[in-house]
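Following: one structure in structure tokens, then a few remarks.
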Amino acid sequence: MASERGTAVRGGTGNLGRVSVTPAPRRVALLTLGCARNEVDSEELAARLDAGGWQVSTDADGADVVLVNTCGFVDKAKQDSIDTLLAAADTGAKVVAAGCMAERYGKELADSLPEASAVLGFDDYTDIASRLDGVLAGEEHVAHTPRDRRELLPITPVQRQAAKVVVPGHATVDEHTPAHLRQVLRRRLDSGPVASLKLASGCDRRCAFCAIPAFRGAFVSRDPQELLAEAEWLARTGVRELVLVSENSTSYGKDLGDPRALEKLLPQLAAVDGIVRVRASYLQPAETRPGLVEVIAATPGVAAYYDLSFQHSSEPVLRRMRRFGSTERFLELLESARKLAPEAGARSNFIVGFPGETEADVDELARFLTDARLDAIGVFDYSDEDGTEAAGLSGKIDEDTVKRRYDRITSLAEELCAQRAEDRLGSLVEVLVDIVDDDEIEGRAEHQAPEVDGSTTLVSGEAAVDLAALRPGDLVRARVTATEGVDLVAVPVEMISAAPVSSR
């Protein structure tokens, strides 16, 4: 078989000895696109593949199979996924599509992309090693017909924990073993000091523009003891910062019978030995309770950082989006956080050009952004998404108008975020070192999340900290001396917590 290539071994000292065949290792490259939630899913897949005898890497060079964990959120992400799959096919390896785009389109994607040897859905994840064995052996895989994964779980949240449904990133090795004693089914694909920890999957909200719940399913929380055990495992691998991810972190615990579960979990995670920072992300403004605002602002080891999904600030647009809030309510939420932590960071994403949006709505969004003092702002131009309510709405806005509004808000956002960075000149920030090379030491302050926000470059000055001694994972206090857009330049003045020698 193709998966059992080997070499003959000659034994004995006289006559020809027995010849044995040692199977060559099966090599798979796992490429991850999209959000941090996908990264966690990939590390679950990596653990399953490793247990199934596959050598796993993130380098397609020399791989027998390239497994692409695709993103299916918006058109650009889908195109990036297609381009990655086609580029992988050019390597000569077998190509397999998994992830959100593969789950969302299934057979349709398989029919339109003959370069892929297989298109796998989430239900294939538990048998991922045998699926790739089959691909390598030339077996044909019949792609699934997509279905609304919300229908796989009970409507009542508290009944979902007992349901037997494949939820990526939630796998357990032995459900009969107490959660805190279970083997962690995860293999890290990098060695950096930051890792994502998946709180939950799915979403029960019905935002008119979003297709994610249909292919990710209804909201399901992970057991808090399981999360703590995984956090301890991550810390032992050298992780210093945990980024809590989900489709909606503020819903965490509602299916466990405890809507305050995240407020209780954050201090416990921050107390894990070796972890110096915990960051919550994907907060829904309508569900961000005062108690959660306070825990994030006042708990040592928890980043005073609010990743809030505003999407817009004009009430008429928000209602058409099937969301809640307004400019004033959002500003009140930010003010409540800053009363507790004046230097707290805040970021959000916004959609312009939603059906029915008027120039007055765009003016209202601009007013909110000007007053909100956000550290990072993501702007998206609206486009119809398959299977969403918004795709069928009237009041569509022509492309030229959408582009003009997008350009206006993007330009304003860049200016405002640069101003917000300048507000931090002279202040002290706590920087977790991410990258050290010959020319630069780069890290992130509390208000800077990985990938999506800015960064902080550490430079020499009248400092008690030796730059040459810094390593990834060190946490230092630094004074901001300059800015470059949203990025900061700072001089370290104190070592807060040095990374363990074993992780250096």
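Convention: chains lettered A, B, ... in structure tokens order; per-chain residue numbering from 1; ligands numbered from 1 as shown.
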
- Contacts of A:Leu331 within 12 Å, only C-alpha atoms, excl. fewer than 2 positions in-chain, as a list of chain:residue names: A:Pro285, A:Leu308, A:Phe310, A:Ser313, A:Gly325, A:Ser326, A:Thr327, A:Glu328, A:Arg329, A:Leu333, A:Leu334, A:Glu335, A:Ser336, A:Ala337, A:Arg338, A:Ala346, A:Leu365, A:Arg367, A:Phe368, A:Leu369, A:Thr370, A:Asp371, A:Ala372, A:Arg373, A:Leu374

Any chance you could export the current selection's N, CA and C atoms as a compact mmCIF listing (two decimals), in the first residue's frame?
# COMPACT_ATOMS: atom_id res chain seq x y z
N PRO A 285 -21.98 42.72 23.96
CA PRO A 285 -22.33 43.85 24.83
C PRO A 285 -23.63 43.64 25.60
N LEU A 308 -15.31 43.66 22.56
CA LEU A 308 -16.77 43.77 22.53
C LEU A 308 -17.29 43.78 21.09
N PHE A 310 -19.58 45.08 18.94
CA PHE A 310 -20.59 46.12 18.76
C PHE A 310 -21.29 46.01 17.40
N SER A 313 -23.52 51.16 15.83
CA SER A 313 -24.02 51.85 17.02
C SER A 313 -25.36 52.54 16.77
N GLY A 325 -28.70 47.48 21.55
CA GLY A 325 -27.75 48.50 21.95
C GLY A 325 -27.94 49.80 21.20
N SER A 326 -27.07 50.73 21.50
CA SER A 326 -27.12 52.07 20.88
C SER A 326 -25.81 52.77 21.22
N THR A 327 -25.58 53.90 20.62
CA THR A 327 -24.38 54.68 20.93
C THR A 327 -24.28 54.95 22.42
N GLU A 328 -25.35 55.42 23.01
CA GLU A 328 -25.29 55.79 24.42
C GLU A 328 -25.09 54.58 25.33
N ARG A 329 -25.77 53.49 25.05
CA ARG A 329 -25.62 52.30 25.89
C ARG A 329 -24.22 51.72 25.78
N LEU A 333 -21.30 51.39 28.78
CA LEU A 333 -20.59 50.16 29.08
C LEU A 333 -19.09 50.41 29.16
N LEU A 334 -18.54 51.12 28.17
CA LEU A 334 -17.12 51.43 28.18
C LEU A 334 -16.74 52.30 29.38
N GLU A 335 -17.61 53.25 29.72
CA GLU A 335 -17.33 54.12 30.86
C GLU A 335 -17.30 53.32 32.16
N SER A 336 -18.19 52.34 32.30
CA SER A 336 -18.21 51.54 33.52
C SER A 336 -16.92 50.75 33.68
N ALA A 337 -16.36 50.29 32.57
CA ALA A 337 -15.09 49.56 32.63
C ALA A 337 -13.95 50.50 32.99
N ARG A 338 -13.93 51.68 32.41
CA ARG A 338 -12.82 52.61 32.65
C ARG A 338 -12.88 53.26 34.02
N ALA A 346 -9.84 48.37 24.85
CA ALA A 346 -11.13 47.98 24.26
C ALA A 346 -10.99 47.95 22.75
N LEU A 365 -22.52 56.21 13.68
CA LEU A 365 -21.39 55.32 13.94
C LEU A 365 -20.11 56.12 14.11
N ARG A 367 -19.87 59.14 15.19
CA ARG A 367 -19.94 59.81 16.50
C ARG A 367 -19.54 58.85 17.62
N PHE A 368 -20.04 57.63 17.54
CA PHE A 368 -19.69 56.65 18.57
C PHE A 368 -18.19 56.38 18.58
N LEU A 369 -17.62 56.13 17.42
CA LEU A 369 -16.19 55.82 17.35
C LEU A 369 -15.35 56.96 17.90
N THR A 370 -15.75 58.18 17.62
CA THR A 370 -15.01 59.34 18.10
C THR A 370 -15.03 59.42 19.62
N ASP A 371 -16.16 59.08 20.22
CA ASP A 371 -16.29 59.18 21.68
C ASP A 371 -15.82 57.93 22.42
N ALA A 372 -15.73 56.79 21.72
CA ALA A 372 -15.48 55.52 22.40
C ALA A 372 -14.02 55.32 22.78
N ARG A 373 -13.08 55.94 22.07
CA ARG A 373 -11.65 55.81 22.38
C ARG A 373 -11.22 54.35 22.40
N LEU A 374 -11.54 53.64 21.34
CA LEU A 374 -11.15 52.24 21.23
C LEU A 374 -9.68 52.11 20.82

- Query: Do you know which residues are at most 9 Å from A:Val431 counting only C-alpha atoms, after dropping those on the same chain fewer than 2 positions away, and could you put them as a ChimeraX atom specification?
  - Reply: /A:429,433,442-446,456,458,474-478,492

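Among the candidates A:Ile275, A:Leu30, A:Ala344, A:Ile296, the one nearest to A:Gly238 when counting only C-alpha atoms is A:Ile275.
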
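By chain and then residue number, the residues within 12 Å of A:Ser112 are Ile82, Leu86, Ala102, Tyr105, Gly106, Lys107, Glu108, Ala116, Ser117, Ala118, Val119 and Ala143 of chain A, counting only C-alpha atoms and disregarding those fewer than 4 positions away in sequence.
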
- Run DSSP on the backbone and grab whatever in stretch 198-238 of chain A lands in alpha helix (DSSP H); send it over as a PyMOL selection string. chain A and resi 212-216+224-236

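If you count only C-alpha atoms and ignore residues fewer than 5 places along the chain from A:Leu425, what sits within 7 Å of it is Val480, Thr481 and Ala482 of chain A.
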
- Task: Excluding A:Glu263 and residues on its chain fewer than 3 positions from it, collect all residues at most 8 Å away from it, counting only C-alpha atoms, and give them as a list in words.
- Result: Arg260, Leu266, Pro267, Gly291, Leu292 and Val295 of chain A

For the selection just defined, write its residues with N, CA, C and O atoms to a file, as a compact mmCIF listing (two decimals), in the first residue's frame.
# COMPACT_ATOMS: atom_id res chain seq x y z
N ARG A 260 -23.04 32.98 35.77
CA ARG A 260 -21.88 33.73 36.26
C ARG A 260 -20.61 32.88 36.20
O ARG A 260 -19.61 33.20 36.83
N LEU A 266 -12.48 33.05 35.58
CA LEU A 266 -11.34 33.92 35.28
C LEU A 266 -10.31 33.97 36.41
O LEU A 266 -9.10 33.78 36.16
N PRO A 267 -10.71 34.20 37.66
CA PRO A 267 -9.70 34.20 38.73
C PRO A 267 -9.02 32.85 38.91
O PRO A 267 -7.83 32.79 39.25
N GLY A 291 -21.00 42.44 36.90
CA GLY A 291 -20.07 41.58 37.63
C GLY A 291 -18.91 41.13 36.78
O GLY A 291 -17.76 41.05 37.26
N LEU A 292 -19.16 40.84 35.50
CA LEU A 292 -18.09 40.43 34.60
C LEU A 292 -17.16 41.60 34.31
O LEU A 292 -15.94 41.44 34.27
N VAL A 295 -14.86 41.89 37.29
CA VAL A 295 -13.86 40.83 37.39
C VAL A 295 -12.73 41.06 36.39
O VAL A 295 -11.55 40.91 36.71

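Closest approach to A:Arg188 from the set A:Tyr305, A:Arg277, A:Leu228, A:Thr58 is made by A:Thr58, with distances taken over only C-alpha atoms.
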
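The list of residues with at least one atom within 7 Å of A:Asp204, based on only C-alpha atoms and without residues fewer than 5 positions apart in the same chain, reads Pro213, Ala218 and Phe219 of chain A.
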
- A:Cys207 environment, 10 Å, only C-alpha atoms, sequence neighbours closer than 3 positions dropped, as a PyMOL selection string: chain A and resi 203-204+210-213+318-323+388-390

- Item | All strand (DSSP E or B) residues (DSSP, backbone) inside stretch 354-385 of chain A, as a list of chain:residue names | A:Ala376, A:Ile377, A:Gly378, A:Val379, A:Phe380, A:Asp381

Quick one: write out the picked residues with N, CA, C and O atoms as a tab-separated table (two decimals), in the first residue's frame?
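In the end it all went to result-v9.tsv:
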chain	number	residue	atom	x	y	z
A	376	ALA	N	-8.44	49.40	19.18
A	376	ALA	CA	-8.37	48.72	17.88
A	376	ALA	C	-9.76	48.62	17.31
A	376	ALA	O	-10.73	48.33	18.04
A	377	ILE	N	-9.88	48.85	16.02
A	377	ILE	CA	-11.18	48.85	15.34
A	377	ILE	C	-11.06	48.07	14.05
A	377	ILE	O	-10.20	48.37	13.21
A	378	GLY	N	-11.89	47.06	13.88
A	378	GLY	CA	-11.96	46.34	12.62
A	378	GLY	C	-13.19	46.78	11.85
A	378	GLY	O	-14.28	46.90	12.42
A	379	VAL	N	-13.03	47.07	10.57
A	379	VAL	CA	-14.14	47.54	9.74
A	379	VAL	C	-14.35	46.57	8.58
A	379	VAL	O	-13.39	46.19	7.90
A	380	PHE	N	-15.58	46.15	8.38
A	380	PHE	CA	-15.94	45.23	7.30
A	380	PHE	C	-17.00	45.87	6.42
A	380	PHE	O	-17.94	46.51	6.94
A	381	ASP	N	-16.87	45.71	5.12
A	381	ASP	CA	-17.92	46.17	4.22
A	381	ASP	C	-18.91	45.01	4.04
A	381	ASP	O	-18.51	43.87	3.84

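When atom CA of A:Gly34 is paired with atom CA of A:Cys71, their separation reads 5.0 Å.
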
- Counting only C-alpha atoms, the residue of A:His447, A:Lys264, A:Arg405, A:Arg205 that sits nearest A:Glu343: A:His447
